[in-house]
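Structure data follow from upload.cif (mmCIF, C-alpha atoms):
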```cif
data_model
#
loop_
_atom_site.group_PDB
_atom_site.id
_atom_site.type_symbol
_atom_site.label_atom_id
_atom_site.label_comp_id
_atom_site.auth_asym_id
_atom_site.auth_seq_id
_atom_site.Cartn_x
_atom_site.Cartn_y
_atom_site.Cartn_z
ATOM 1 C CA MET A 1 105.195 171.961 73.148
ATOM 2 C CA LYS A 2 102.657 174.475 71.858
ATOM 3 C CA THR A 3 100.959 173.649 68.580
ATOM 4 C CA ARG A 4 98.097 174.776 66.389
ATOM 5 C CA SER A 5 95.692 171.921 65.622
ATOM 6 C CA ALA A 6 92.654 171.577 63.371
ATOM 7 C CA CYS A 7 89.529 171.219 65.483
ATOM 8 C CA LEU A 8 85.974 170.405 64.414
ATOM 9 C CA THR A 9 83.559 172.587 66.382
ATOM 10 C CA ALA A 10 80.233 171.827 64.639
ATOM 11 C CA VAL A 11 78.908 170.371 61.386
ATOM 12 C CA ASP A 12 80.890 171.933 58.513
ATOM 13 C CA ARG A 13 82.863 174.078 60.972
ATOM 14 C CA ILE A 14 86.584 173.723 61.602
ATOM 15 C CA GLU A 15 89.167 176.072 63.075
ATOM 16 C CA LEU A 16 92.719 176.152 64.377
ATOM 17 C CA ARG A 17 93.145 175.991 68.125
ATOM 18 C CA GLU A 18 96.358 176.449 70.056
ATOM 19 C CA ARG A 19 97.077 173.794 72.661
ATOM 20 C CA ASN A 20 99.924 172.149 74.548
ATOM 21 C CA LEU A 21 101.223 168.714 73.632
ATOM 22 C CA GLU A 22 102.805 166.751 76.458
ATOM 23 C CA THR A 23 104.831 163.751 75.316
ATOM 24 C CA GLY A 24 104.580 160.673 77.510
ATOM 25 C CA PRO A 25 107.400 158.186 78.151
ATOM 26 C CA ASP A 26 106.184 155.886 75.336
ATOM 27 C CA GLU A 27 105.394 158.636 72.806
ATOM 28 C CA VAL A 28 107.151 160.300 69.881
ATOM 29 C CA LEU A 29 106.771 163.999 69.041
ATOM 30 C CA VAL A 30 106.807 164.872 65.333
ATOM 31 C CA LYS A 31 107.107 168.227 63.545
ATOM 32 C CA THR A 32 104.622 167.993 60.698
ATOM 33 C CA HIS A 33 105.824 168.377 57.117
ATOM 34 C CA LEU A 34 102.471 167.883 55.401
ATOM 35 C CA ALA A 35 99.054 166.448 56.242
ATOM 36 C CA GLY A 36 96.299 165.185 53.969
ATOM 37 C CA ILE A 37 92.521 165.284 54.232
ATOM 38 C CA CYS A 38 90.955 161.819 53.995
ATOM 39 C CA GLY A 39 87.463 160.767 52.936
ATOM 40 C CA GLN A 40 86.639 159.884 56.527
ATOM 41 C CA ASP A 41 87.813 163.326 57.645
ATOM 42 C CA LYS A 42 85.287 164.758 55.189
ATOM 43 C CA ASN A 43 82.540 162.559 56.639
ATOM 44 C CA LEU A 44 83.295 163.794 60.147
ATOM 45 C CA TYR A 45 83.360 167.369 58.857
ATOM 46 C CA HIS A 46 79.847 166.855 57.458
ATOM 47 C CA GLY A 47 78.672 165.262 60.714
ATOM 48 C CA ILE A 48 78.569 161.696 59.377
ATOM 49 C CA ILE A 49 79.716 159.774 62.432
ATOM 50 C CA PRO A 50 80.559 156.031 62.519
ATOM 51 C CA PRO A 51 78.439 153.778 64.745
ATOM 52 C CA SER A 52 79.168 154.009 68.474
ATOM 53 C CA GLY A 53 80.781 157.362 67.873
ATOM 54 C CA GLY A 54 83.785 155.738 66.226
ATOM 55 C CA LEU A 55 84.938 153.599 69.146
ATOM 56 C CA ASN A 56 84.323 150.373 67.212
ATOM 57 C CA THR A 57 86.668 151.643 64.474
ATOM 58 C CA GLU A 58 90.287 152.766 64.593
ATOM 59 C CA MET A 59 89.275 156.168 66.011
ATOM 60 C CA ARG A 60 90.926 156.599 69.395
ATOM 61 C CA THR A 61 88.198 158.526 71.211
ATOM 62 C CA ALA A 62 84.431 158.713 70.888
ATOM 63 C CA PHE A 63 83.441 161.544 68.599
ATOM 64 C CA ALA A 64 82.276 164.688 70.365
ATOM 65 C CA TYR A 65 82.756 168.393 69.704
ATOM 66 C CA PRO A 66 85.320 169.855 69.922
ATOM 67 C CA PHE A 67 87.217 167.134 68.032
ATOM 68 C CA PHE A 68 90.857 167.378 66.906
ATOM 69 C CA ILE A 69 91.299 165.711 63.552
ATOM 70 C CA GLY A 70 93.798 164.181 61.122
ATOM 71 C CA HIS A 71 95.415 160.817 60.487
ATOM 72 C CA GLU A 72 97.298 161.322 57.218
ATOM 73 C CA GLY A 73 100.644 163.024 57.627
ATOM 74 C CA GLY A 74 104.346 162.806 58.157
ATOM 75 C CA GLY A 75 107.298 164.751 59.413
ATOM 76 C CA THR A 76 110.486 164.703 61.456
ATOM 77 C CA VAL A 77 110.893 163.390 64.995
ATOM 78 C CA VAL A 78 111.860 166.173 67.393
ATOM 79 C CA ALA A 79 111.560 164.359 70.748
ATOM 80 C CA VAL A 80 111.107 160.823 72.079
ATOM 81 C CA GLY A 81 109.992 159.488 75.437
ATOM 82 C CA GLU A 82 112.343 157.507 77.640
ATOM 83 C CA LYS A 83 110.657 154.188 76.798
ATOM 84 C CA VAL A 84 110.828 154.666 73.014
ATOM 85 C CA ARG A 85 113.284 152.270 71.389
ATOM 86 C CA ASP A 86 112.769 152.299 67.597
ATOM 87 C CA PHE A 87 112.755 156.039 66.829
ATOM 88 C CA ARG A 88 115.298 158.787 67.328
ATOM 89 C CA VAL A 89 115.335 162.558 66.971
ATOM 90 C CA GLY A 90 115.803 163.366 63.290
ATOM 91 C CA ASP A 91 113.999 160.277 61.938
ATOM 92 C CA ARG A 92 111.526 160.962 59.132
ATOM 93 C CA VAL A 93 108.231 159.225 59.828
ATOM 94 C CA ILE A 94 104.812 158.462 58.378
ATOM 95 C CA ALA A 95 101.675 158.595 60.537
ATOM 96 C CA PHE A 96 99.499 155.465 60.654
ATOM 97 C CA GLY A 97 96.857 156.304 63.214
ATOM 98 C CA TRP A 98 94.206 158.775 64.324
ATOM 99 C CA ILE A 99 96.791 160.961 66.024
ATOM 100 C CA GLU A 100 95.582 164.458 65.068
ATOM 101 C CA THR A 101 98.107 165.077 62.308
ATOM 102 C CA ILE A 102 96.585 168.319 60.998
ATOM 103 C CA SER A 103 98.751 170.259 63.412
ATOM 104 C CA ASP A 104 102.123 171.980 63.552
ATOM 105 C CA TYR A 105 103.246 169.053 65.732
ATOM 106 C CA PHE A 106 101.632 165.709 66.498
ATOM 107 C CA LYS A 107 102.499 162.840 68.801
ATOM 108 C CA GLY A 108 101.991 159.089 68.675
ATOM 109 C CA ARG A 109 103.166 155.788 70.055
ATOM 110 C CA GLU A 110 105.743 153.742 68.177
ATOM 111 C CA GLU A 111 103.029 151.550 66.654
ATOM 112 C CA ASP A 112 101.437 154.688 65.153
ATOM 113 C CA LEU A 113 104.465 155.438 62.988
ATOM 114 C CA GLU A 114 106.514 153.990 60.141
ATOM 115 C CA LYS A 115 109.928 155.167 58.989
ATOM 116 C CA VAL A 116 110.150 156.882 55.608
ATOM 117 C CA PRO A 117 111.927 154.767 52.966
ATOM 118 C CA GLU A 118 115.329 156.171 52.106
ATOM 119 C CA GLY A 119 115.179 158.468 49.107
ATOM 120 C CA MET A 120 111.452 159.170 49.264
ATOM 121 C CA SER A 121 110.338 162.807 49.164
ATOM 122 C CA MET A 122 108.589 164.039 52.277
ATOM 123 C CA ASP A 123 105.612 165.295 50.265
ATOM 124 C CA LEU A 124 104.857 161.752 49.122
ATOM 125 C CA ALA A 125 106.002 160.130 52.357
ATOM 126 C CA SER A 126 103.572 162.310 54.300
ATOM 127 C CA LEU A 127 100.825 160.668 52.250
ATOM 128 C CA GLY A 128 102.360 157.267 52.875
ATOM 129 C CA GLU A 129 99.301 155.981 54.728
ATOM 130 C CA PRO A 130 96.739 156.533 51.920
ATOM 131 C CA ILE A 131 99.297 155.661 49.224
ATOM 132 C CA GLY A 132 100.373 152.507 51.038
ATOM 133 C CA CYS A 133 96.782 151.431 51.630
ATOM 134 C CA ALA A 134 95.820 151.881 47.972
ATOM 135 C CA VAL A 135 98.933 150.143 46.591
ATOM 136 C CA PHE A 136 98.546 147.304 49.108
ATOM 137 C CA SER A 137 94.982 146.874 47.884
ATOM 138 C CA GLY A 138 96.302 146.516 44.355
ATOM 139 C CA LEU A 139 98.967 144.048 45.416
ATOM 140 C CA MET A 140 96.390 141.921 47.281
ATOM 141 C CA SER A 141 93.768 142.127 44.537
ATOM 142 C CA ARG A 142 95.040 139.106 42.584
ATOM 143 C CA ILE A 143 94.855 141.081 39.345
ATOM 144 C CA GLN A 144 96.556 138.999 36.663
ATOM 145 C CA LEU A 145 98.108 139.625 33.255
ATOM 146 C CA GLY A 146 95.289 139.950 30.731
ATOM 147 C CA ASP A 147 92.485 140.752 33.194
ATOM 148 C CA THR A 148 89.748 143.310 32.689
ATOM 149 C CA VAL A 149 89.486 145.384 35.853
ATOM 150 C CA ALA A 150 86.706 147.813 36.798
ATOM 151 C CA VAL A 151 87.425 150.417 39.477
ATOM 152 C CA PHE A 152 84.384 152.162 40.944
ATOM 153 C CA GLY A 153 85.395 155.551 42.372
ATOM 154 C CA MET A 154 88.285 157.561 40.904
ATOM 155 C CA GLY A 155 89.346 159.528 43.941
ATOM 156 C CA PHE A 156 92.882 159.336 45.335
ATOM 157 C CA ALA A 157 92.773 155.606 46.118
ATOM 158 C CA GLY A 158 90.903 154.723 42.932
ATOM 159 C CA GLN A 159 93.417 156.581 40.776
ATOM 160 C CA ILE A 160 96.249 154.647 42.406
ATOM 161 C CA MET A 161 94.417 151.329 42.095
ATOM 162 C CA ALA A 162 93.854 151.920 38.374
ATOM 163 C CA GLN A 163 97.575 152.557 37.886
ATOM 164 C CA VAL A 164 98.539 149.493 39.918
ATOM 165 C CA ALA A 165 96.154 147.327 37.888
ATOM 166 C CA LYS A 166 97.645 148.529 34.630
ATOM 167 C CA THR A 167 101.200 148.139 35.908
ATOM 168 C CA LYS A 168 100.432 144.556 37.004
ATOM 169 C CA GLY A 169 99.429 143.686 33.446
ATOM 170 C CA ALA A 170 95.681 144.193 33.243
ATOM 171 C CA HIS A 171 94.573 144.140 29.616
ATOM 172 C CA ARG A 172 92.193 147.005 30.231
ATOM 173 C CA VAL A 173 91.116 149.063 33.188
ATOM 174 C CA ILE A 174 87.676 150.660 33.358
ATOM 175 C CA GLY A 175 87.204 153.614 35.704
ATOM 176 C CA VAL A 176 83.763 154.667 36.925
ATOM 177 C CA ASP A 177 83.040 158.014 38.563
ATOM 178 C CA VAL A 178 80.590 160.914 38.352
ATOM 179 C CA VAL A 179 83.184 163.686 37.802
ATOM 180 C CA ASP A 180 84.601 164.216 34.317
ATOM 181 C CA GLY A 181 87.770 165.885 35.640
ATOM 182 C CA LYS A 182 88.744 162.839 37.694
ATOM 183 C CA LEU A 183 88.134 160.534 34.750
ATOM 184 C CA GLU A 184 90.131 162.752 32.400
ATOM 185 C CA LEU A 185 93.099 162.773 34.779
ATOM 186 C CA ALA A 186 92.864 158.990 35.141
ATOM 187 C CA LYS A 187 92.987 158.594 31.362
ATOM 188 C CA LYS A 188 96.127 160.741 31.228
ATOM 189 C CA LEU A 189 97.626 158.385 33.822
ATOM 190 C CA GLY A 190 96.833 155.224 31.855
ATOM 191 C CA LEU A 191 93.131 154.401 32.315
ATOM 192 C CA ASP A 192 91.726 152.612 29.249
ATOM 193 C CA HIS A 193 88.011 153.362 29.542
ATOM 194 C CA ALA A 194 86.277 156.134 31.489
ATOM 195 C CA VAL A 195 82.597 155.871 32.414
ATOM 196 C CA ASN A 196 80.681 158.786 33.902
ATOM 197 C CA GLY A 197 77.864 157.254 35.926
ATOM 198 C CA THR A 198 75.684 160.346 35.554
ATOM 199 C CA LYS A 199 75.748 160.085 31.762
ATOM 200 C CA ASP A 200 75.950 156.364 31.080
ATOM 201 C CA ASP A 201 74.807 153.207 32.821
ATOM 202 C CA PRO A 202 78.066 151.938 34.388
ATOM 203 C CA LEU A 203 76.850 148.329 34.598
ATOM 204 C CA ARG A 204 75.876 148.294 30.943
ATOM 205 C CA ALA A 205 79.212 149.903 30.028
ATOM 206 C CA VAL A 206 81.172 147.166 31.837
ATOM 207 C CA MET A 207 79.030 144.450 30.267
ATOM 208 C CA ASP A 208 79.389 145.943 26.779
ATOM 209 C CA LEU A 209 83.164 146.095 27.159
ATOM 210 C CA THR A 210 83.313 142.457 28.300
ATOM 211 C CA ASN A 211 80.767 140.977 25.846
ATOM 212 C CA GLY A 212 78.278 140.476 28.670
ATOM 213 C CA ARG A 213 80.702 138.452 30.771
ATOM 214 C CA GLY A 214 81.581 140.973 33.466
ATOM 215 C CA ALA A 215 84.957 142.155 34.704
ATOM 216 C CA ASP A 216 87.509 139.667 36.016
ATOM 217 C CA VAL A 217 88.153 141.939 39.007
ATOM 218 C CA VAL A 218 86.012 144.774 40.339
ATOM 219 C CA VAL A 219 87.169 147.187 43.032
ATOM 220 C CA ASP A 220 84.941 149.294 45.250
ATOM 221 C CA MET A 221 86.697 152.588 45.920
ATOM 222 C CA ALA A 222 83.547 154.721 46.129
ATOM 223 C CA GLY A 223 82.246 153.524 49.476
ATOM 224 C CA SER A 224 78.470 153.492 49.122
ATOM 225 C CA ALA A 225 75.652 150.963 48.981
ATOM 226 C CA ASP A 226 75.192 151.750 45.290
ATOM 227 C CA SER A 227 78.851 151.178 44.453
ATOM 228 C CA VAL A 228 79.017 147.888 46.365
ATOM 229 C CA ASN A 229 75.960 146.587 44.551
ATOM 230 C CA LEU A 230 77.261 147.808 41.204
ATOM 231 C CA CYS A 231 80.481 145.910 41.853
ATOM 232 C CA THR A 232 78.450 142.850 42.818
ATOM 233 C CA ALA A 233 76.577 143.019 39.520
ATOM 234 C CA ALA A 234 79.556 143.931 37.305
ATOM 235 C CA VAL A 235 81.946 141.106 38.241
ATOM 236 C CA LYS A 236 81.993 137.904 36.218
ATOM 237 C CA HIS A 237 80.922 134.490 37.495
ATOM 238 C CA ASN A 238 83.737 133.223 39.760
ATOM 239 C CA GLY A 239 85.265 136.708 39.608
ATOM 240 C CA ILE A 240 87.019 138.701 42.292
ATOM 241 C CA MET A 241 85.464 141.592 44.182
ATOM 242 C CA VAL A 242 87.962 143.774 46.016
ATOM 243 C CA PHE A 243 86.476 145.656 48.950
ATOM 244 C CA TYR A 244 88.510 148.730 49.894
ATOM 245 C CA SER A 245 86.229 151.494 51.126
ATOM 246 C CA TRP A 246 85.351 152.229 54.710
ATOM 247 C CA ILE A 247 81.547 152.328 54.839
ATOM 248 C CA THR A 248 80.529 153.433 58.311
ATOM 249 C CA GLN A 249 76.798 152.729 58.077
ATOM 250 C CA ASP A 250 74.896 149.485 57.534
ATOM 251 C CA ILE A 251 73.935 148.775 53.909
ATOM 252 C CA THR A 252 71.850 146.202 52.056
ATOM 253 C CA VAL A 253 73.849 144.006 49.673
ATOM 254 C CA ASN A 254 72.802 141.442 47.062
ATOM 255 C CA ILE A 255 74.782 138.825 48.913
ATOM 256 C CA SER A 256 72.987 135.940 47.181
ATOM 257 C CA ARG A 257 75.032 136.712 44.064
ATOM 258 C CA TRP A 258 78.202 136.395 46.102
ATOM 259 C CA HIS A 259 77.089 132.857 46.926
ATOM 260 C CA ASN A 260 75.362 131.783 43.701
ATOM 261 C CA ASN A 261 78.174 133.014 41.463
ATOM 262 C CA SER A 262 81.006 131.877 43.738
ATOM 263 C CA LEU A 263 82.490 135.348 43.973
ATOM 264 C CA GLU A 264 85.766 135.760 45.806
ATOM 265 C CA VAL A 265 85.545 138.806 48.060
ATOM 266 C CA ILE A 266 88.844 140.250 49.286
ATOM 267 C CA ASN A 267 89.067 142.844 52.061
ATOM 268 C CA THR A 268 92.248 144.827 51.461
ATOM 269 C CA GLY A 269 92.368 147.396 54.257
ATOM 270 C CA LEU A 270 96.064 147.560 55.194
ATOM 271 C CA VAL A 271 95.525 149.630 58.341
ATOM 272 C CA HIS A 272 93.001 147.089 59.645
ATOM 273 C CA HIS A 273 95.297 144.068 59.445
ATOM 274 C CA GLY A 274 97.352 144.912 62.517
ATOM 275 C CA THR A 275 100.602 146.735 63.226
ATOM 276 C CA ARG A 276 102.982 143.859 62.468
ATOM 277 C CA GLN A 277 101.498 143.135 59.058
ATOM 278 C CA ARG A 278 101.385 146.854 58.265
ATOM 279 C CA THR A 279 105.046 147.251 59.184
ATOM 280 C CA LEU A 280 105.924 144.318 56.931
ATOM 281 C CA TRP A 281 103.920 145.563 53.958
ATOM 282 C CA THR A 282 104.412 149.341 54.072
ATOM 283 C CA PRO A 283 107.928 149.313 52.514
ATOM 284 C CA LEU A 284 106.729 146.933 49.795
ATOM 285 C CA ALA A 285 103.629 149.024 49.102
ATOM 286 C CA LEU A 286 105.688 152.218 48.854
ATOM 287 C CA ARG A 287 108.418 150.628 46.733
ATOM 288 C CA PRO A 288 106.655 151.199 43.363
ATOM 289 C CA VAL A 289 106.246 154.879 44.262
ATOM 290 C CA LEU A 290 109.903 155.205 45.204
ATOM 291 C CA GLN A 291 110.796 153.520 41.888
ATOM 292 C CA SER A 292 108.578 155.963 39.926
ATOM 293 C CA GLN A 293 106.312 153.180 38.654
ATOM 294 C CA LEU A 294 103.241 155.106 39.813
ATOM 295 C CA GLN A 295 102.374 158.774 39.361
ATOM 296 C CA ILE A 296 101.199 160.251 42.654
ATOM 297 C CA ALA A 297 102.091 163.957 42.451
ATOM 298 C CA PRO A 298 99.355 164.757 39.865
ATOM 299 C CA LEU A 299 96.759 163.493 42.358
ATOM 300 C CA ILE A 300 97.548 166.342 44.777
ATOM 301 C CA THR A 301 95.072 168.842 43.367
ATOM 302 C CA HIS A 302 95.009 171.473 46.120
ATOM 303 C CA ARG A 303 97.558 172.765 48.644
ATOM 304 C CA PHE A 304 96.869 175.135 51.529
ATOM 305 C CA PRO A 305 98.898 176.431 54.467
ATOM 306 C CA LEU A 306 97.663 175.224 57.841
ATOM 307 C CA SER A 307 96.367 178.721 58.569
ATOM 308 C CA ARG A 308 93.719 178.205 55.841
ATOM 309 C CA VAL A 309 92.416 174.909 57.210
ATOM 310 C CA ALA A 310 88.758 176.006 57.014
ATOM 311 C CA GLU A 311 89.137 176.789 53.311
ATOM 312 C CA ALA A 312 90.990 173.524 52.722
ATOM 313 C CA PHE A 313 88.179 171.464 54.280
ATOM 314 C CA ALA A 314 85.517 173.363 52.356
ATOM 315 C CA VAL A 315 87.300 172.523 49.095
ATOM 316 C CA ALA A 316 87.971 168.894 50.039
ATOM 317 C CA ALA A 317 84.390 168.303 51.120
ATOM 318 C CA ASN A 318 82.528 170.260 48.450
ATOM 319 C CA ASP A 319 84.642 170.596 45.281
ATOM 320 C CA PRO A 320 83.909 167.588 43.014
ATOM 321 C CA GLY A 321 87.249 168.041 41.279
ATOM 322 C CA ALA A 322 89.336 167.780 44.450
ATOM 323 C CA ILE A 323 91.270 164.519 44.635
ATOM 324 C CA LYS A 324 93.804 165.046 47.402
ATOM 325 C CA VAL A 325 93.840 168.262 49.415
ATOM 326 C CA VAL A 326 96.916 168.753 51.593
ATOM 327 C CA LEU A 327 98.021 171.215 54.241
ATOM 328 C CA ASP A 328 101.624 172.388 54.212
ATOM 329 C CA HIS A 329 103.472 173.009 57.447
ATOM 330 C CA PRO A 330 106.516 175.171 56.681
#
```
For the structure just supplied, provide its representation as structure tokens.
Amino acid sequence: MKTRSACLTAVDRIELRERNLETGPDEVLVKTHLAGICGQDKNLYHGIIPPSGGLNTEMRTAFAYPFFIGHEGGGTVVAVGEKVRDFRVGDRVIAFGWIETISDYFKGREEDLEKVPEGMSMDLASLGEPIGCAVFSGLMSRIQLGDTVAVFGMGFAGQIMAQVAKTKGAHRVIGVDVVDGKLELAKKLGLDHAVNGTKDDPLRAVMDLTNGRGADVVVDMAGSADSVNLCTAAVKHNGIMVFYSWITQDITVNISRWHNNSLEVINTGLVHHGTRQRTLWTPLALRPVLQSQLQIAPLITHRFPLSRVAEAFAVAANDPGAIKVVLDHP
């Protein structure tokens, strides 16, 4: 099968390359409906490489140019290997792996895929991995009725987390970011308080809103040393700190506060918990989306055809207002 695939060729350089995909006996071939650009894709685009070239993460191969990219996506199965048992031609699937989804076609093993819930649109299903991860984080966060929740980082995952928190019964949800447009959209989608960290001290804002007590639950969705330490400082004594972001470099953390204030730290990365747990939780994490309890479509801020992949990455990586940039595959 010939396909066009997005390929990183140097720092801030990406192009489409034609190549052949050969499907092995244990692999599934998928015609792509839509693929998304993830925060980690943007890091790789900028040349920010995880330790050990990515091999100690879920990346399949050590990073080296040229590098085919993409792990958010979905589509329709067009061929299956002779050893494949759980998927058939015509099945609609969601990608859950670094399987080069920014392509006309992509392939993966059975454990790299989940079936699309019946009735779910393919636009949203194709973003099932980032949606599922963010909703799962909210479900695992132990947010309770009446809580004050602070979400640091109002990108795609942060926007979803804020909605989940409110839907679960949080009394108020505080969103922290450095881009007014993201905060304004979040307020339209139910956020109670928006704090721009370039204009106001986010720690002081959280403390003022909680009478100096701190938030019951804080969530790191920004993925930086500063955001982790802000979360550490902004949570109440005996509070809950939800750790979502993938930080690929070592950071220094005020871990003594975790101990001295008996903080409960929860790691909520769905894709890191293993295939069996992911398969169990994905339908439950996508259920609120299927039931229209969460608003996801407004978070897709930019759409490009695959032929304009270089422009799509430039926008995703450099436009502060971009939340989710997707590539359509007609």
Would you mind reading off the distance between atom CA of Ala186 of chain A and atom CA of Lys324 of chain A, one decimal, in Å?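 Separating atom CA of Ala186 of chain A from atom CA of Lys324 of chain A is a distance of 13.7 Å.
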So how many Å separate atom CA of Glu311 of chain A and atom CA of Tyr45 of chain A, to one decimal?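 Computing the Euclidean distance for atom CA of Glu311 of chain A and atom CA of Tyr45 of chain A yields 12.4 Å.
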Of the residues A:Asp123, A:Glu18, A:Glu118, A:Glu110, which is the one nearest to Ile300 of chain A, using all atoms listed in the file?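 Using all atoms listed in the file, Ile300 of chain A sits closest to A:Asp123.
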Between A:Leu21, A:Val315, A:Ala215, A:Val176, which residue has the minimum interatomic distance to Asn196 of chain A, considering only C-alpha atoms?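 For Asn196 of chain A, the nearest of the candidates is A:Val176.
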Using all atoms listed in the file, which protein or nucleic acid residues come within 12 Å of His46 of chain A? Drop anything in the same chain fewer than 4 positions from it, and give the result as a count of residues only. 17
Quick check, in Å to one decimal: how far apart do atom CA of Leu299 of chain A and atom CA of Ser137 of chain A lie?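 One can read the atom CA of Leu299 of chain A to atom CA of Ser137 of chain A distance as 17.6 Å.
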For the provided coordinates, the residues matched by the PyMOL selection byres ((chain A and resi 114) around 10) should be stated as a compact mmCIF listing (two decimals) with C-alpha atoms, keeping the file's coordinate frame.
```txt
# COMPACT_ATOMS: atom_id res chain seq x y z
CA GLY A 74 104.35 162.81 58.16
CA ASP A 86 112.77 152.30 67.60
CA PHE A 87 112.76 156.04 66.83
CA ASP A 91 114.00 160.28 61.94
CA ARG A 92 111.53 160.96 59.13
CA VAL A 93 108.23 159.22 59.83
CA ILE A 94 104.81 158.46 58.38
CA ALA A 95 101.68 158.60 60.54
CA PHE A 96 99.50 155.46 60.65
CA GLU A 110 105.74 153.74 68.18
CA GLU A 111 103.03 151.55 66.65
CA ASP A 112 101.44 154.69 65.15
CA LEU A 113 104.46 155.44 62.99
CA LYS A 115 109.93 155.17 58.99
CA VAL A 116 110.15 156.88 55.61
CA PRO A 117 111.93 154.77 52.97
CA ALA A 125 106.00 160.13 52.36
CA GLY A 128 102.36 157.27 52.88
CA GLU A 129 99.30 155.98 54.73
CA THR A 275 100.60 146.74 63.23
CA ARG A 278 101.38 146.85 58.26
CA THR A 279 105.05 147.25 59.18
CA THR A 282 104.41 149.34 54.07
CA PRO A 283 107.93 149.31 52.51
```
Best match for closeness to Ile251 of chain A among A:Ala205, A:Leu280, A:Ala62, A:Ala225, counting all atoms listed in the file: A:Ala225
